[in-house]
$ cat target.tsv   # TSV, C-alpha atoms and all ligand atoms
chain	number	residue	atom	x	y	z
A	1	MET	CA	8.10	-12.96	20.03
A	2	ILE	CA	8.74	-14.43	16.60
A	3	TYR	CA	9.29	-18.17	16.75
A	4	LEU	CA	11.14	-19.62	13.76
A	5	ASP	CA	12.58	-22.79	15.27
A	6	TYR	CA	9.93	-25.41	14.44
A	7	ASN	CA	12.52	-28.06	13.54
A	8	ALA	CA	13.76	-27.94	17.14
A	9	THR	CA	10.29	-27.99	18.71
A	10	ALA	CA	6.99	-26.77	17.36
A	11	PRO	CA	4.76	-24.75	19.69
A	12	LEU	CA	1.98	-26.73	21.39
A	13	HIS	CA	-0.94	-26.80	18.98
A	14	LYS	CA	-4.04	-25.01	20.37
A	15	ASN	CA	-6.13	-28.19	19.95
A	16	VAL	CA	-3.59	-30.09	22.05
A	17	ILE	CA	-3.78	-27.56	24.89
A	18	LYS	CA	-7.59	-27.73	24.82
A	19	LYS	CA	-7.60	-31.52	24.78
A	20	ILE	CA	-5.31	-31.82	27.80
A	21	GLN	CA	-7.20	-29.11	29.71
A	22	ASN	CA	-10.48	-30.91	29.11
A	23	LEU	CA	-9.36	-34.32	30.38
A	24	LYS	CA	-11.73	-35.64	33.01
A	25	PHE	CA	-10.87	-37.09	36.43
A	26	GLU	CA	-12.23	-40.49	35.32
A	27	GLU	CA	-9.89	-40.59	32.33
A	28	PHE	CA	-6.49	-40.08	33.93
A	29	GLY	CA	-5.19	-43.26	35.47
A	30	ASN	CA	-2.59	-45.95	35.08
A	31	PRO	CA	-3.45	-47.79	31.85
A	32	SER	CA	-2.34	-51.05	33.49
A	33	SER	CA	-4.80	-50.73	36.40
A	34	VAL	CA	-7.67	-53.17	36.41
A	35	HIS	CA	-10.29	-50.69	37.72
A	36	LYS	CA	-12.55	-48.45	35.67
A	37	ILE	CA	-10.22	-45.44	35.59
A	38	GLY	CA	-7.31	-47.67	34.50
A	39	ARG	CA	-9.48	-49.20	31.78
A	40	ASN	CA	-10.62	-45.75	30.63
A	41	SER	CA	-7.08	-44.52	30.23
A	42	LYS	CA	-6.03	-47.77	28.53
A	43	LYS	CA	-8.86	-47.25	26.05
A	44	ILE	CA	-7.60	-43.75	25.27
A	45	VAL	CA	-4.01	-44.97	24.79
A	46	GLU	CA	-5.21	-47.65	22.36
A	47	GLU	CA	-7.32	-45.13	20.48
A	48	VAL	CA	-4.31	-42.85	20.03
A	49	ARG	CA	-2.23	-45.82	18.87
A	50	ARG	CA	-4.82	-46.59	16.21
A	51	ASN	CA	-5.11	-42.91	15.20
A	52	ILE	CA	-1.37	-42.56	14.67
A	53	LEU	CA	-1.20	-45.77	12.61
A	54	SER	CA	-4.13	-44.61	10.54
A	55	ALA	CA	-2.81	-41.03	10.01
A	56	LEU	CA	0.49	-42.45	8.76
A	57	LYS	CA	-1.23	-45.10	6.63
A	58	ALA	CA	0.57	-47.80	8.56
A	59	LYS	CA	-1.73	-50.84	8.39
A	60	ASN	CA	1.25	-53.21	8.36
A	61	TYR	CA	2.81	-51.78	11.53
A	62	ASP	CA	2.71	-52.08	15.31
A	63	LEU	CA	3.37	-48.99	17.39
A	64	ILE	CA	5.36	-48.76	20.63
A	65	PHE	CA	5.11	-45.53	22.64
A	66	THR	CA	8.45	-44.19	23.85
A	67	SER	CA	9.77	-41.03	25.51
A	68	GLY	CA	10.61	-39.50	22.12
A	69	ALA	CA	12.54	-40.16	18.97
A	70	THR	CA	15.87	-40.41	20.79
A	71	GLU	CA	14.55	-43.45	22.61
A	72	SER	CA	12.83	-44.76	19.47
A	73	ASN	CA	16.10	-44.59	17.55
A	74	ASN	CA	17.97	-46.34	20.35
A	75	LEU	CA	15.29	-49.03	20.60
A	76	ALA	CA	15.10	-49.55	16.84
A	77	ILE	CA	18.82	-49.90	16.25
A	78	LYS	CA	19.98	-51.67	19.41
A	79	GLY	CA	16.79	-53.71	19.82
A	80	PHE	CA	16.81	-54.91	16.24
A	81	ILE	CA	20.49	-55.78	16.17
A	82	LYS	CA	20.22	-57.72	19.42
A	83	LYS	CA	17.18	-59.71	18.36
A	84	ASN	CA	18.36	-60.51	14.85
A	85	ASN	CA	22.10	-60.94	15.28
A	86	ILE	CA	22.90	-58.19	12.78
A	87	LYS	CA	26.57	-58.01	11.78
A	88	THR	CA	26.83	-54.69	9.92
A	89	ILE	CA	25.15	-51.30	10.09
A	90	PHE	CA	25.10	-48.67	7.33
A	91	SER	CA	24.21	-45.08	8.11
A	92	LEU	CA	24.99	-41.44	7.31
A	93	GLN	CA	27.43	-39.04	8.97
A	94	THR	CA	24.63	-36.45	8.85
A	95	GLU	CA	22.19	-38.36	11.06
A	96	HIS	CA	20.83	-36.86	14.26
A	97	ALA	CA	22.99	-37.49	17.37
A	98	SER	CA	20.47	-40.06	18.61
A	99	VAL	CA	21.38	-42.27	15.63
A	100	ILE	CA	25.00	-41.38	14.99
A	101	ASP	CA	25.99	-41.79	18.61
A	102	VAL	CA	24.25	-45.16	18.86
A	103	VAL	CA	25.85	-46.35	15.61
A	104	LYS	CA	29.34	-45.26	16.67
A	105	ASN	CA	29.08	-47.14	19.95
A	106	LEU	CA	27.88	-50.43	18.47
A	107	ASP	CA	30.08	-53.44	18.71
A	108	ILE	CA	29.52	-54.50	15.09
A	109	GLU	CA	30.90	-53.40	11.71
A	110	LYS	CA	29.87	-49.80	10.84
A	111	LYS	CA	29.85	-48.26	7.38
A	112	PHE	CA	28.72	-44.83	6.21
A	113	PHE	CA	27.31	-43.92	2.81
A	114	ASN	CA	28.90	-40.82	1.30
A	115	ILE	CA	27.14	-37.48	1.40
A	116	ASN	CA	27.69	-35.26	-1.63
A	117	SER	CA	28.08	-31.49	-1.54
A	118	ASN	CA	24.32	-31.16	-2.11
A	119	GLY	CA	23.75	-33.03	1.14
A	120	ASN	CA	22.26	-36.12	-0.45
A	121	ILE	CA	23.29	-39.70	-1.10
A	122	ASN	CA	24.10	-41.59	-4.29
A	123	LEU	CA	21.73	-44.49	-4.91
A	124	LYS	CA	24.21	-46.21	-7.24
A	125	GLU	CA	26.88	-46.14	-4.55
A	126	ILE	CA	24.41	-47.57	-2.03
A	127	GLU	CA	23.46	-50.38	-4.40
A	128	GLU	CA	27.11	-51.16	-5.10
A	129	LEU	CA	27.95	-51.37	-1.41
A	130	LEU	CA	24.92	-53.41	-0.41
A	131	SER	CA	25.28	-55.85	-3.30
A	132	LYS	CA	28.63	-56.93	-1.85
A	133	GLN	CA	27.16	-57.59	1.59
A	134	THR	CA	27.44	-61.23	2.61
A	135	SER	CA	26.22	-61.02	6.22
A	136	SER	CA	23.02	-59.66	7.81
A	137	PHE	CA	22.78	-55.86	7.82
A	138	LEU	CA	20.71	-52.93	9.01
A	139	VAL	CA	20.52	-49.55	7.25
A	140	SER	CA	19.55	-46.49	9.28
A	141	ILE	CA	18.76	-43.37	7.26
A	142	MET	CA	16.75	-40.32	8.25
A	143	PHE	CA	13.71	-39.21	6.27
A	144	ALA	CA	14.81	-35.57	6.26
A	145	ASN	CA	17.73	-33.81	7.88
A	146	ASN	CA	16.85	-31.65	10.88
A	147	GLU	CA	19.41	-28.95	10.02
A	148	SER	CA	19.30	-28.65	6.24
A	149	GLY	CA	15.84	-30.10	5.64
A	150	ILE	CA	17.31	-32.28	2.87
A	151	ILE	CA	14.98	-35.17	2.08
A	152	HIS	CA	16.48	-38.59	1.40
A	153	PRO	CA	14.83	-40.90	-1.16
A	154	ILE	CA	13.78	-43.45	1.47
A	155	ASN	CA	11.45	-45.31	-0.85
A	156	GLU	CA	14.21	-46.04	-3.34
A	157	ILE	CA	16.72	-46.84	-0.61
A	158	ALA	CA	14.22	-49.26	0.97
A	159	LYS	CA	13.83	-51.08	-2.35
A	160	ILE	CA	17.60	-51.53	-2.67
A	161	VAL	CA	17.91	-52.67	0.94
A	162	ARG	CA	15.17	-55.22	0.41
A	163	LYS	CA	16.72	-56.47	-2.84
A	164	TYR	CA	19.85	-57.41	-0.90
A	165	LYS	CA	17.88	-58.88	2.02
A	166	GLY	CA	18.70	-56.14	4.49
A	167	ILE	CA	16.56	-54.31	7.03
A	168	ILE	CA	15.91	-50.58	7.08
A	169	HIS	CA	15.24	-48.17	9.94
A	170	CYS	CA	14.20	-44.61	9.19
A	171	ASP	CA	14.29	-41.69	11.62
A	172	GLY	CA	11.11	-40.09	10.37
A	173	VAL	CA	10.97	-37.20	12.85
A	174	GLN	CA	11.43	-34.29	10.47
A	175	GLY	CA	9.14	-35.68	7.79
A	176	LEU	CA	6.07	-35.69	10.01
A	177	GLY	CA	3.78	-32.70	9.47
A	178	LYS	CA	5.94	-31.51	6.57
A	179	ILE	CA	5.32	-34.26	4.04
A	180	GLU	CA	2.37	-36.63	3.96
A	181	ILE	CA	3.62	-40.03	5.10
A	182	ASP	CA	2.33	-43.30	3.66
A	183	LEU	CA	4.25	-45.86	5.65
A	184	ASP	CA	2.81	-48.94	3.95
A	185	SER	CA	4.16	-47.65	0.63
A	186	LEU	CA	7.43	-46.45	2.12
A	187	ASP	CA	7.85	-50.02	3.35
A	188	VAL	CA	10.63	-49.49	5.89
A	189	ASP	CA	11.00	-51.97	8.74
A	190	LEU	CA	11.26	-49.47	11.58
A	191	PHE	CA	10.15	-45.83	11.72
A	192	SER	CA	10.84	-43.37	14.57
A	193	ILE	CA	8.59	-40.39	15.30
A	194	SER	CA	8.29	-37.68	17.94
A	195	SER	CA	5.29	-35.70	19.16
A	196	HIS	CA	6.89	-32.31	19.79
A	197	LYS	CA	7.71	-31.59	16.16
A	198	ILE	CA	4.02	-31.53	15.21
A	199	GLY	CA	2.53	-29.52	18.05
A	200	GLY	CA	2.28	-32.31	20.63
A	201	PRO	CA	4.05	-32.36	24.00
A	202	THR	CA	7.77	-33.08	24.45
A	203	GLY	CA	8.82	-36.36	26.06
A	204	VAL	CA	6.66	-38.66	23.98
A	205	GLY	CA	7.26	-40.43	20.69
A	206	ALA	CA	6.87	-43.80	19.09
A	207	LEU	CA	8.58	-46.54	17.17
A	208	LEU	CA	6.57	-48.12	14.36
A	209	ILE	CA	7.59	-51.68	13.61
A	210	ASN	CA	6.56	-53.54	10.49
A	211	THR	CA	4.62	-56.61	11.63
A	212	ARG	CA	7.07	-58.93	9.83
A	213	ASN	CA	9.86	-57.78	12.19
A	214	ASN	CA	10.85	-58.40	15.80
A	215	ILE	CA	13.01	-56.46	18.24
A	216	SER	CA	14.30	-56.87	21.80
A	217	PRO	CA	13.42	-54.32	24.50
A	218	GLU	CA	15.96	-51.83	25.83
A	219	ILE	CA	13.96	-50.98	28.96
A	220	THR	CA	12.58	-53.95	30.89
A	221	GLY	CA	10.32	-54.08	33.93
A	222	GLY	CA	6.53	-54.21	34.06
A	223	GLY	CA	6.17	-55.36	30.46
A	224	GLN	CA	4.14	-52.43	29.14
A	225	GLU	CA	3.98	-51.77	25.41
A	226	LYS	CA	3.92	-55.44	24.42
A	227	ASN	CA	6.99	-56.12	26.56
A	228	LEU	CA	9.06	-53.84	24.34
A	229	ARG	CA	9.14	-50.73	26.53
A	230	SER	CA	8.43	-51.09	30.21
A	231	GLY	CA	7.32	-48.17	32.34
A	232	THR	CA	3.93	-46.58	32.98
A	233	GLU	CA	2.87	-44.85	29.79
A	234	ASN	CA	3.22	-41.06	29.55
A	235	PHE	CA	-0.55	-40.70	29.50
A	236	LEU	CA	-0.79	-36.90	29.16
A	237	GLY	CA	1.90	-36.97	26.52
A	238	ILE	CA	0.10	-39.69	24.59
A	239	VAL	CA	-3.21	-37.81	24.77
A	240	GLY	CA	-1.50	-34.68	23.42
A	241	PHE	CA	0.30	-36.65	20.72
A	242	GLY	CA	-3.04	-38.18	19.73
A	243	GLU	CA	-4.56	-34.74	19.28
A	244	ALA	CA	-1.56	-33.41	17.35
A	245	ILE	CA	-1.63	-36.37	14.97
A	246	ASN	CA	-5.16	-35.43	13.88
A	247	GLU	CA	-3.65	-32.39	12.18
A	248	VAL	CA	-0.54	-34.07	10.75
A	249	ASN	CA	-1.63	-34.34	7.13
A	250	ASN	CA	-3.21	-30.91	7.20
A	251	LEU	CA	0.09	-29.49	8.49
A	252	ALA	CA	1.92	-31.16	5.62
A	253	LYS	CA	-0.41	-29.44	3.16
A	254	ILE	CA	0.13	-26.04	4.81
A	255	CYS	CA	3.88	-26.67	4.81
A	256	ASN	CA	3.95	-27.15	1.05
A	257	SER	CA	1.77	-24.12	0.28
A	258	GLU	CA	1.76	-21.07	2.60
A	259	ILE	CA	4.85	-22.01	4.56
A	260	LYS	CA	6.79	-22.73	1.39
A	261	ASN	CA	5.78	-19.35	-0.06
A	262	ASN	CA	7.09	-17.58	3.04
A	263	ARG	CA	10.33	-19.59	3.06
A	264	ASP	CA	10.87	-18.89	-0.65
A	265	LEU	CA	10.23	-15.19	-0.06
A	266	LEU	CA	12.88	-15.15	2.66
A	267	GLU	CA	15.40	-16.90	0.42
A	268	ALA	CA	14.68	-14.56	-2.49
A	269	ASN	CA	15.31	-11.57	-0.20
A	270	LEU	CA	18.54	-13.11	1.11
A	271	LYS	CA	19.81	-13.74	-2.40
A	272	LYS	CA	19.07	-10.17	-3.44
A	273	LEU	CA	21.10	-8.88	-0.51
A	274	SER	CA	24.42	-10.50	-1.39
A	275	ASN	CA	25.74	-13.33	-3.51
A	276	GLU	CA	28.04	-14.12	-0.57
A	277	ILE	CA	25.00	-15.61	1.21
A	278	LYS	CA	24.90	-19.38	0.84
A	279	ILE	CA	21.68	-21.36	1.20
A	280	PHE	CA	22.52	-24.96	2.03
A	281	GLY	CA	20.78	-27.67	0.04
A	282	GLU	CA	19.16	-25.05	-2.17
A	283	ASP	CA	19.25	-27.27	-5.26
A	284	THR	CA	18.29	-30.45	-3.43
A	285	ASN	CA	14.87	-31.83	-2.58
A	286	ARG	CA	14.31	-30.42	0.90
A	287	LEU	CA	11.63	-29.58	3.45
A	288	ALA	CA	9.56	-26.57	2.42
A	289	ASN	CA	9.77	-24.96	5.87
A	290	THR	CA	13.56	-24.91	6.29
A	291	CYS	CA	16.04	-22.22	5.32
A	292	TYR	CA	19.59	-23.01	6.42
A	293	PHE	CA	21.94	-20.27	5.35
A	294	ALA	CA	25.20	-18.52	6.09
A	295	TYR	CA	26.88	-15.20	5.46
A	296	PRO	CA	30.55	-15.51	6.34
A	297	SER	CA	31.01	-12.77	8.91
A	298	MET	CA	29.28	-12.91	12.28
A	299	THR	CA	29.38	-16.26	14.12
A	300	SER	CA	26.24	-18.37	14.33
A	301	GLU	CA	26.21	-17.97	18.11
A	302	ASN	CA	26.40	-14.18	17.94
A	303	GLN	CA	23.62	-14.04	15.39
A	304	VAL	CA	21.35	-16.26	17.48
A	305	ILE	CA	22.00	-14.02	20.50
A	306	ALA	CA	21.51	-10.79	18.55
A	307	LEU	CA	18.22	-12.06	17.14
A	308	ASP	CA	17.10	-13.33	20.54
A	309	GLN	CA	17.60	-9.83	21.93
A	310	LYS	CA	15.05	-8.65	19.37
A	311	GLY	CA	12.59	-11.41	20.32
A	312	ILE	CA	13.37	-13.74	17.41
A	313	CYS	CA	14.00	-17.44	18.03
A	314	VAL	CA	16.14	-19.25	15.47
A	315	SER	CA	18.83	-21.85	15.80
A	316	SER	CA	22.44	-22.24	14.79
A	317	GLY	CA	21.70	-25.67	13.32
A	318	ALA	CA	21.14	-28.62	15.58
A	319	ALA	CA	19.67	-27.66	18.95
A	320	CYS	CA	22.27	-28.43	21.56
A	321	SER	CA	21.22	-29.61	25.01
A	322	SER	CA	24.41	-28.40	26.69
A	323	GLY	CA	24.00	-24.88	25.29
A	324	LYS	CA	27.40	-25.31	23.66
A	325	VAL	CA	27.46	-24.56	19.93
A	326	GLU	CA	29.54	-27.10	18.03
A	327	PRO	CA	30.29	-26.62	14.32
A	328	SER	CA	27.66	-28.49	12.35
A	329	HIS	CA	28.56	-32.11	11.54
A	330	VAL	CA	26.01	-31.90	8.70
A	331	LEU	CA	27.78	-29.03	6.97
A	332	LYS	CA	31.14	-30.70	7.59
A	333	ALA	CA	29.88	-33.86	5.85
A	334	MET	CA	28.70	-31.67	2.94
A	335	GLN	CA	32.26	-30.29	2.76
A	336	VAL	CA	31.10	-26.75	3.25
A	337	ASP	CA	33.89	-24.16	3.60
A	338	GLU	CA	34.78	-23.50	7.30
A	339	LYS	CA	33.96	-19.81	7.03
A	340	TYR	CA	30.35	-20.66	6.18
A	341	ILE	CA	30.06	-23.43	8.77
A	342	HIS	CA	30.78	-20.98	11.60
A	343	SER	CA	28.18	-18.48	10.50
A	344	ALA	CA	25.30	-20.83	9.61
A	345	ILE	CA	21.85	-20.27	11.03
A	346	ARG	CA	18.69	-22.29	10.61
A	347	VAL	CA	15.30	-20.67	10.21
A	348	SER	CA	12.50	-23.22	10.37
A	349	LEU	CA	8.94	-22.06	9.81
A	350	GLY	CA	5.65	-23.57	10.91
A	351	TRP	CA	1.90	-23.25	10.66
A	352	ASP	CA	1.75	-20.01	12.64
A	353	SER	CA	4.59	-18.24	10.78
A	354	THR	CA	3.26	-15.25	8.88
A	355	LYS	CA	4.63	-13.24	5.95
A	356	GLU	CA	4.99	-10.26	8.31
A	357	GLN	CA	7.10	-12.31	10.71
A	358	ILE	CA	9.38	-13.42	7.91
A	359	GLU	CA	9.79	-9.83	6.73
A	360	THR	CA	10.54	-8.67	10.28
A	361	PHE	CA	13.09	-11.45	10.67
A	362	PHE	CA	14.73	-10.48	7.39
A	363	ASN	CA	14.92	-6.77	8.25
A	364	ILE	CA	16.34	-7.39	11.73
A	365	TRP	CA	18.82	-9.96	10.43
A	366	LYS	CA	19.88	-7.47	7.76
A	367	SER	CA	20.47	-4.64	10.21
A	368	ASP	CA	21.79	-6.55	13.23
A	369	CYS	CA	23.65	-9.46	11.66
A	370	PHE	CA	24.38	-8.78	8.00
A	371	LYS	CA	25.42	-5.13	8.33
A	372	ASN	CA	26.90	-5.53	11.78
A	373	GLY	CA	28.73	-8.65	10.72
A	374	ALA	CA	31.65	-6.77	9.24
A	375	LEU	CA	32.48	-5.54	12.75
A	376	ASN	CA	32.68	-9.06	14.06
A	377	VAL	CA	34.78	-10.86	11.48
A	378	ARG	CA	36.32	-13.90	13.06
A	401	LIG	N1	15.87	-37.23	15.07
A	401	LIG	C1	15.75	-36.04	14.49
A	401	LIG	C2	15.97	-35.93	13.02
A	401	LIG	C3	15.43	-34.91	15.25
A	401	LIG	O1	15.31	-33.73	14.65
A	401	LIG	C4	15.23	-35.05	16.64
A	401	LIG	C5	14.89	-33.85	17.50
A	401	LIG	N2	15.81	-32.80	17.40
A	401	LIG	C6	15.37	-36.32	17.21
A	401	LIG	C7	15.68	-37.39	16.40
A	401	LIG	C8	15.19	-36.54	18.68
A	401	LIG	O2	13.85	-36.46	19.02
A	401	LIG	P1	13.36	-36.29	20.53
A	401	LIG	O3	13.60	-34.86	20.87
A	401	LIG	O4	11.92	-36.65	20.50
A	401	LIG	O5	14.16	-37.23	21.36
$ encode --input "target.tsv" --output "structure tokens"
Amino acid sequence: MIYLDYNATAPLHKNVIKKIQNLKFEEFGNPSSVHKIGRNSKKIVEEVRRNILSALKAKNYDLIFTSGATESNNLAIKGFIKKNNIKTIFSLQTEHASVIDVVKNLDIEKKFFNINSNGNINLKEIEELLSKQTSSFLVSIMFANNESGIIHPINEIAKIVRKYKGIIHCDGVQGLGKIEIDLDSLDVDLFSISSHKIGGPTGVGALLINTRNNISPEITGGGQEKNLRSGTENFLGIVGFGEAINEVNNLAKICNSEIKNNRDLLEANLKKLSNEIKIFGEDTNRLANTCYFAYPSMTSENQVIALDQKGICVSSGAACSSGKVEPSHVLKAMQVDEKYIHSAIRVSLGWDSTKEQIETFFNIWKSDCFKNGALNVR
């Protein structure tokens, strides 16, 4: 099996598996219980909280554990708006569904910054729009796009937002383990992360909140997580996340060296094959592990299936829970020609991806998708 879908979910890191396997009977309890086992597990949860804050250089932040970045994004946006009586939200059409869907369903004014054909934003346009803002506002912009890997200049956006007295939330999921994060310098108000993109378990994530900010809870009940997210903590998930976070900055280094070399090799081979192959975001600052490309013949779905039959896991863009493949909203926002949108596939590499795997992928794609594609023209 060749797994090249790290942006969807990274494989469980071997250290994480070991850590969970080695948990002792006396350590697994309900962190709210008063007895020894409860106190032991509480201690572990707090240790992981501190480790995550320290790995992300987030001295000025509190951390709330959630069930993943979908919940973190919901909590950040809805919880902040509710608590602070926010009147307007600014976001991007290319955000992950867990932001875009929340934004679209809000009962306040919604505005979207333009995305150019390179997949990025225009800082001047952002400044112009925000300078005219007369009521309270929240900006929600992702660190890096999960499909294209395009990295947004969050630091500069945060400075503009602050200049006009706004608040900024950043969906940081795809940055983690791919770029070293220094949250105190990034200086956003709210930052969402997820464990399963860095080798931790699925179903656990966190929202980091700058200590100068306040939010309202979305899930109420027993008052866990400082009253901001009730429900018994996902203890195993948190333990695994805590182990994965130990490697996060190391993974970012690997991403920008070996992984980048392999990704660049793949793209060089693709470009040699045909100048009809388009690599999205090629000239934009983007994640070093991501290659999102299209050759306008065979559909994305058919390519993913053909590759799967040869034991290769890639994605047609955003992973889709219903199994239904919708044309990419990211490529649409980038005004990519329809014929490319329907044939786009995303290859996302990770720490275990080897040069041999990339070469095997390329050869199989060439024979089963590129050459076969002519037979399947839509
Ligand atoms: N935001 C982005 C950018 C993502 O890539 C993902 C995962 N596909 C999410 C949010 C949702 O994260 P989770 O799976 O932890 O809910």
$ residues_near_ligand --input "target.tsv" --ligand "ligand LIG 401 (chain A)" --cutoff "9 Å" --atoms "all atoms listed in the file" --output "ChimeraX atom specification"
/A:7-9,66-73,95-99,142-147,171-175,192-197,202-206,318-320
$ residues_around --input "target.tsv" --residues "Leu270 (chain A)" --least-positions-apart "2" --cutoff "12 Å" --atoms "all atoms listed in the file" --output "JSON, numbers by chain"
{"A": [263, 264, 265, 266, 267, 268, 272, 273, 274, 275, 276, 277, 278, 279, 291, 292, 293, 294, 295, 358, 359, 361, 362, 363, 365, 366, 370]}
$ closest_residue --input "target.tsv" --among "A:Ile160, A:Ile64, A:Val45, A:Leu75" --to "Lys124 (chain A)" --atoms "all atoms listed in the file"
A:Ile160
$ residues_around --input "target.tsv" --residues "Val314 (chain A)" --least-positions-apart "6" --cutoff "8 Å" --atoms "only C-alpha atoms" --output "PyMOL selection string"
chain A and resi 3-5+304+307-308+345-348
$ write_last_selection --input "target.tsv" --atoms "C-alpha atoms" --output "PDB file, in the frame of the given file"
ATOM      1  CA  TYR A   3       9.290 -18.170  16.750  1.00  0.00           C
ATOM      2  CA  LEU A   4      11.140 -19.620  13.760  1.00  0.00           C
ATOM      3  CA  ASP A   5      12.580 -22.790  15.270  1.00  0.00           C
ATOM      4  CA  VAL A 304      21.350 -16.260  17.480  1.00  0.00           C
ATOM      5  CA  LEU A 307      18.220 -12.060  17.140  1.00  0.00           C
ATOM      6  CA  ASP A 308      17.100 -13.330  20.540  1.00  0.00           C
ATOM      7  CA  ILE A 345      21.850 -20.270  11.030  1.00  0.00           C
ATOM      8  CA  ARG A 346      18.690 -22.290  10.610  1.00  0.00           C
ATOM      9  CA  VAL A 347      15.300 -20.670  10.210  1.00  0.00           C
ATOM     10  CA  SER A 348      12.500 -23.220  10.370  1.00  0.00           C
TER      11      SER A 348
END
$ closest_residue --input "target.tsv" --among "A:Met1, A:Val16, A:Ile151, A:Ile86" --to "Ile238 (chain A)" --atoms "all atoms listed in the file"
A:Val16
$ atom_distance --input "target.tsv" --atom1 "CA of Gln335 (chain A)" --atom2 "CA of Ser140 (chain A)"
21.6 Å
$ atom_distance --input "target.tsv" --atom1 "CA of Asn213 (chain A)" --atom2 "CA of Asn74 (chain A)"
16.2 Å
$ atom_distance --input "target.tsv" --atom1 "CA of Gly242 (chain A)" --atom2 "CA of Gly177 (chain A)"
13.5 Å
